[in-house]
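Asker: The structure under discussion is supplied below as structure tokens; questions concerning it will follow.
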Amino acid sequence: MSAAFGALLLVALTSGAAYGPTPSPSPSPAGDAAPLDPRITEIMRKPEYRHAQWGLLQVDPDGRVVRSAFPGQVFIPGSTAKLFSVSGPWHTLGAEHRFETPVYAVGERDGATLDGNLALVAQGDLTMGGRTRPDGTVAFTDLDHTYANDVPGATLTPEDPLAGIDQLARQVRRSGITRVDGDVVVDSRLFAPDPVLDPTPTPMIVNDNLIDLLTTPGDRPDAPARLDWRPKVAPYRVTSTVKTVAAGQTGSVNVTASENGTRIQLSGTIAVGAAPVLRVSPVADPAAFGRTALIEALGRAGVEVTADPAGPNPVAVLPRTYEGRPRVALYTSPPYADYAELILKVSHNLGANLGICLMAVDAGSHACMDGFPVLARFLDGAGVDRKQVQLLDGRGGNPVDRATPQADIQMLTYWTRTPQARRFREALPVLGVDGLLATNCRDCPARGKVFAKTGAAVGFDALNNRLGVGAMTIAGYLERGDGRFDVFYAGVTGAATPTTDPEGILSVANDVAMIAAYLQEG
């Protein structure tokens, strides 16, 4: 079982995600359509599913139901909700939409000196160049750094998180400015952060609003572990008391931070020869962080700024409008479809929630909740019965979130009728190949033939001292072998593990992945 597929499960587990009441058990694992593969029936009859209910729906390219069980009943979606929340901004903004983040000179120029301020106008760019490869595509690892505190094995992309900020700084220097007698300010008025969306999107995002902390063991027991961290921006400081222990011993690296997030402490142990351990710490004030990052980048580019780099973001100096102000730099992002792929492949929660805010902005609002009517209109036009969907976020982690298998199938079917069908399908994790399905089914016949989003809602059952599975879901496309694809959904609600061992949750996740594989093979 892959740690990657279990990422969402352990995040839900450690956050204590709620999962609601269990419906009555299914009288039969399948409906009146084609009989199930015996291997699927065997999975559904395992003891951990004794009081659970399965939902299943598989539809061929001509719209005929191949297999069906409870297709009209709502299930907790987990991250399969991202099928809706990513489709909305993909349609609203357009696959080729690029975020253009400008820097304006607000003041008077005297030769190479700006007597005034530089204003970076944040546009809700998810990565600001921090994941952009040399070929312009967006980099990701199968287990993203955003899950590093919850799931072992999260890794970093090699790209520089400050790449876009550095590009802006170099452009300012090329505009002829070498000194700013004034300040730098980040204009974050694009939308108001809404804490209902967790993690909370902000107009200015650098490195997913996280500090990466990488601990590598020393060469011998009792030696201090080595520490590296990024992005290095004032006034953030990181210290570590992590010690190296003998090879084979169990280690644990813990992270704590000051109230304002700028003083980070690592503690614990790591074994000789162990793989590096990644942890993350949140950036408390993304706008102030972006301001400091730009001032420091300007310094590297040869532009002196007289203001204190580590000071607050001076929003009081923002102009009402930038009309007539010279634009001295512009960072242009990769296309939105590339960001959608990132969100879907690694189940990027911040990016999924950000999409709600971006739809609101497209409608002329600064309130993220106004993105939901935009999403509703899109779903209506896409042929999705939105009364079968309930959402209060983009990630699929709010207790109110629900969707029926039919709604998932309707969403997936919509894309098959568009010119973007292949692009959307290939943006999903591919079984045994990449994303959160990278290490599942690596040697089975269905490898590379299932394109699907996974989801989970898991919590601690204190009454029985075990783990309860509110939902484990998967939905996407099954390759038929003739260039055509079935759409499918499989999910279970009300399962439980024998103990609190997370391996039990990983086993449930693997069962759901294998059901998808057996559907494809059938």
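How things are named: the first chain in the structure tokens is A, the next is B, and so on; residues count from 1 in each chain; ligands count from 1 in the order shown.
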Report as a list in words all protein, DNA and RNA residues lying within 8 Å of A:Gly88, evaluated on only C-alpha atoms, omitting residues in the same chain fewer than 5 positions from it.

Answerer: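 The contact residues come out as Gly355, Met359, Val374, Leu375, Phe378 and Leu379 of chain A.
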
Asker: For the selection you just gave me, I'd like the residues written to a file as a PDB file, in the first residue's frame, keeping all heavy atoms.

Answerer:
```
ATOM      1  N   GLY A 355      -9.482  28.165  -5.860  1.00  0.00           N
ATOM      2  CA  GLY A 355     -10.358  28.219  -7.025  1.00  0.00           C
ATOM      3  C   GLY A 355     -11.707  28.841  -6.718  1.00  0.00           C
ATOM      4  O   GLY A 355     -12.300  29.531  -7.562  1.00  0.00           O
ATOM      5  N   MET A 359     -13.131  32.249  -8.658  1.00  0.00           N
ATOM      6  CA  MET A 359     -14.422  32.362  -9.335  1.00  0.00           C
ATOM      7  C   MET A 359     -15.195  33.576  -8.827  1.00  0.00           C
ATOM      8  O   MET A 359     -15.894  34.249  -9.600  1.00  0.00           O
ATOM      9  CB  MET A 359     -15.233  31.080  -9.149  1.00  0.00           C
ATOM     10  CG  MET A 359     -14.726  29.907  -9.983  1.00  0.00           C
ATOM     11  SD  MET A 359     -15.802  28.436  -9.902  1.00  0.00           S
ATOM     12  CE  MET A 359     -15.460  27.857  -8.237  1.00  0.00           C
ATOM     13  N   VAL A 374     -21.118  31.045  -8.795  1.00  0.00           N
ATOM     14  CA  VAL A 374     -20.469  30.847 -10.094  1.00  0.00           C
ATOM     15  C   VAL A 374     -20.322  29.355 -10.373  1.00  0.00           C
ATOM     16  O   VAL A 374     -20.613  28.876 -11.483  1.00  0.00           O
ATOM     17  CB  VAL A 374     -19.095  31.543 -10.132  1.00  0.00           C
ATOM     18  CG1 VAL A 374     -18.419  31.323 -11.485  1.00  0.00           C
ATOM     19  CG2 VAL A 374     -19.232  33.024  -9.834  1.00  0.00           C
ATOM     20  N   LEU A 375     -19.885  28.617  -9.362  1.00  0.00           N
ATOM     21  CA  LEU A 375     -19.752  27.170  -9.512  1.00  0.00           C
ATOM     22  C   LEU A 375     -21.112  26.532  -9.788  1.00  0.00           C
ATOM     23  O   LEU A 375     -21.233  25.626 -10.631  1.00  0.00           O
ATOM     24  CB  LEU A 375     -19.128  26.572  -8.249  1.00  0.00           C
ATOM     25  CG  LEU A 375     -18.937  25.051  -8.222  1.00  0.00           C
ATOM     26  CD1 LEU A 375     -18.078  24.579  -9.383  1.00  0.00           C
ATOM     27  CD2 LEU A 375     -18.338  24.617  -6.879  1.00  0.00           C
ATOM     28  N   PHE A 378     -22.098  27.014 -13.370  1.00  0.00           N
ATOM     29  CA  PHE A 378     -21.316  26.127 -14.231  1.00  0.00           C
ATOM     30  C   PHE A 378     -21.850  24.707 -14.183  1.00  0.00           C
ATOM     31  O   PHE A 378     -22.028  24.052 -15.223  1.00  0.00           O
ATOM     32  CB  PHE A 378     -19.844  26.135 -13.818  1.00  0.00           C
ATOM     33  CG  PHE A 378     -19.080  24.938 -14.311  1.00  0.00           C
ATOM     34  CD1 PHE A 378     -18.815  24.773 -15.663  1.00  0.00           C
ATOM     35  CD2 PHE A 378     -18.667  23.943 -13.433  1.00  0.00           C
ATOM     36  CE1 PHE A 378     -18.142  23.649 -16.131  1.00  0.00           C
ATOM     37  CE2 PHE A 378     -17.988  22.825 -13.878  1.00  0.00           C
ATOM     38  CZ  PHE A 378     -17.731  22.677 -15.233  1.00  0.00           C
ATOM     39  N   LEU A 379     -22.124  24.203 -12.984  1.00  0.00           N
ATOM     40  CA  LEU A 379     -22.619  22.839 -12.863  1.00  0.00           C
ATOM     41  C   LEU A 379     -23.959  22.673 -13.572  1.00  0.00           C
ATOM     42  O   LEU A 379     -24.207  21.654 -14.229  1.00  0.00           O
ATOM     43  CB  LEU A 379     -22.745  22.454 -11.388  1.00  0.00           C
ATOM     44  CG  LEU A 379     -21.428  22.352 -10.598  1.00  0.00           C
ATOM     45  CD1 LEU A 379     -21.704  22.026  -9.139  1.00  0.00           C
ATOM     46  CD2 LEU A 379     -20.493  21.330 -11.208  1.00  0.00           C
TER      47      LEU A 379
END
```

Asker: Can you tell me, as a PyMOL selection string, what residues are no more than 10 Å from A:Asn465 when counting only C-alpha atoms, ignoring any on the same chain fewer than 4 positions away?

Answerer: chain A and resi 460-461+497-500

Asker: Do a neighbour search on A:Gly455 at 12 Å with only C-alpha atoms, toss out local chain neighbours closer than 4 positions, and write the hits as a PyMOL selection string.

Answerer: chain A and resi 5-12+75-83+344-349+395-397+401-403+429+436-437+469-476+489-493+508-509+512-513

Asker: Fewer than 2 positions away in the same chain doesn't count, so skip those; otherwise give me all residues within 7 Å of A:Pro445, counting only C-alpha atoms, as a PDB file with N, CA and C atoms, in the first residue's frame.

Answerer:
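Output saved as result.pdb:
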```
ATOM      1  N   ASP A 443       2.243  -3.317 -10.740  1.00  0.00           N
ATOM      2  CA  ASP A 443       2.473  -4.462 -11.622  1.00  0.00           C
ATOM      3  C   ASP A 443       1.183  -5.110 -12.114  1.00  0.00           C
ATOM      4  N   ARG A 447      -2.511  -0.994 -14.619  1.00  0.00           N
ATOM      5  CA  ARG A 447      -1.557   0.109 -14.456  1.00  0.00           C
ATOM      6  C   ARG A 447      -1.576   1.016 -15.688  1.00  0.00           C
ATOM      7  N   GLU A 521     -10.080  -3.875 -15.490  1.00  0.00           N
ATOM      8  CA  GLU A 521      -9.721  -5.171 -16.074  1.00  0.00           C
ATOM      9  C   GLU A 521     -10.960  -5.901 -16.603  1.00  0.00           C
TER      10      GLU A 521
END
```

Asker: Would you return as an MDAnalysis selection string the members of stretch 389-444 of chain A that DSSP assigns to strand (DSSP E) on this structure's backbone?

Answerer: chainID A and resid 389:390 402:403

Asker: Which residues are close to A:Ile515, i.e. within 9 Å by only C-alpha atoms, leaving aside same-chain residues fewer than 5 positions away? Reply as a CSV table (one decimal) with N, CA, C and O atoms, in the first residue's frame.

Answerer:
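Saved result, out35.csv, follows:
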```csv
chain,number,residue,atom,x,y,z
A,39,ARG,N,-13.5,-10.7,-7.4
A,39,ARG,CA,-12.5,-10.1,-6.6
A,39,ARG,C,-13.0,-8.9,-5.9
A,39,ARG,O,-12.6,-8.5,-4.7
A,40,ILE,N,-13.9,-8.1,-6.6
A,40,ILE,CA,-14.6,-7.0,-5.9
A,40,ILE,C,-15.5,-7.4,-4.8
A,40,ILE,O,-15.5,-6.9,-3.7
A,43,ILE,N,-13.7,-8.3,-1.7
A,43,ILE,CA,-13.3,-7.1,-1.0
A,43,ILE,C,-14.5,-6.5,-0.1
A,43,ILE,O,-14.3,-6.3,1.1
A,490,ALA,N,-16.4,4.7,-7.2
A,490,ALA,CA,-16.5,3.6,-6.2
A,490,ALA,C,-16.2,4.2,-4.8
A,490,ALA,O,-15.3,5.1,-4.7
A,510,ASN,N,-6.4,0.9,-0.1
A,510,ASN,CA,-5.9,0.0,-1.1
A,510,ASN,C,-7.0,-0.8,-1.7
A,510,ASN,O,-7.1,-1.1,-2.9
A,520,GLN,N,-11.6,-1.8,-14.3
A,520,GLN,CA,-10.9,-1.6,-15.6
A,520,GLN,C,-10.6,-2.9,-16.3
A,520,GLN,O,-10.8,-3.1,-17.5
```

Asker: List the spatial neighbours of stretch 327-335 of chain A as a list in words - criterion: any atom at most 7 Å away, only C-alpha atoms, same-chain residues fewer than 6 positions off excluded.

Answerer: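 Final neighbour list, sorted by chain and number: Ala95, Glu96, His97, Arg98, Phe99, Glu100, Thr101, Pro102, Val103, Tyr104, Ala105, Met128, Gly129, Gly136, Thr137, Gly164, Leu168, Gln171, Val172 and Ser175 of chain A.
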
Asker: Show which residues sit within 9 Å of A:Arg189, as a CSV table (one decimal) with all heavy atoms, in the first residue's frame. Count only C-alpha atoms, and ignore same-chain residues fewer than 3 positions away.

Answerer:
```
chain,number,residue,atom,x,y,z
A,121,VAL,N,1.0,43.9,-7.0
A,121,VAL,CA,-0.4,43.7,-7.0
A,121,VAL,C,-0.7,42.2,-7.1
A,121,VAL,O,-0.7,41.6,-8.2
A,121,VAL,CB,-1.2,44.5,-8.0
A,121,VAL,CG1,-2.7,44.4,-7.9
A,121,VAL,CG2,-0.8,46.0,-8.0
A,122,ALA,N,-1.0,41.5,-6.0
A,122,ALA,CA,-1.2,40.1,-6.0
A,122,ALA,C,-2.4,39.7,-6.7
A,122,ALA,O,-3.5,40.3,-6.6
A,122,ALA,CB,-1.3,39.6,-4.5
A,192,ALA,N,-10.8,38.9,0.0
A,192,ALA,CA,-10.6,38.8,1.5
A,192,ALA,C,-10.4,37.4,1.9
A,192,ALA,O,-11.3,36.6,1.6
A,192,ALA,CB,-11.8,39.5,2.2
A,203,PRO,N,-4.4,36.2,-1.6
A,203,PRO,CA,-4.0,36.7,-2.9
A,203,PRO,C,-2.5,36.6,-3.2
A,203,PRO,O,-2.1,36.4,-4.3
A,203,PRO,CB,-4.5,38.2,-2.9
A,203,PRO,CG,-5.6,38.2,-1.9
A,203,PRO,CD,-5.2,37.3,-0.8
A,366,HIS,N,-15.1,40.5,-4.0
A,366,HIS,CA,-14.0,40.3,-3.1
A,366,HIS,C,-14.2,39.2,-2.1
A,366,HIS,O,-13.3,38.9,-1.3
A,366,HIS,CB,-13.5,41.6,-2.5
A,366,HIS,CG,-13.2,42.6,-3.4
A,366,HIS,ND1,-12.0,42.6,-4.2
A,366,HIS,CD2,-13.8,43.8,-3.8
A,366,HIS,CE1,-12.0,43.7,-4.9
A,366,HIS,NE2,-13.0,44.4,-4.7
```

Asker: One number please: atom CA of A:Tyr477 to atom CA of A:Asp208, in Å, one decimal.

Answerer: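 Between atom CA of A:Tyr477 and atom CA of A:Asp208 the gap works out to 29.2 Å.
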
Asker: Would you mind telling me which residue in A:Val184, A:Ala456, A:Val430, A:Ile165 lies nearest to A:Ala316 when using only C-alpha atoms?

Answerer: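 The answer is A:Val184, which sits nearest to A:Ala316.
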
Asker: Could you tell me how far atom CA of A:Pro134 lies from atom CA of A:Val206, in Å and to one decimal?

Answerer: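 So the answer is 18.6 Å.
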
Asker: Could you please determine the separation between atom CA of A:Gln73 and atom CA of A:Gly494 in Å, to one decimal place?

Answerer: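 That distance, rounded to one decimal, is 13.7 Å.
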
Asker: With distances taken over only C-alpha atoms, which of A:Val185, A:Arg170, A:Gly94, A:Leu519 is nearest to A:Pro319?

Answerer: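 Result for the nearest residue to A:Pro319: A:Val185.
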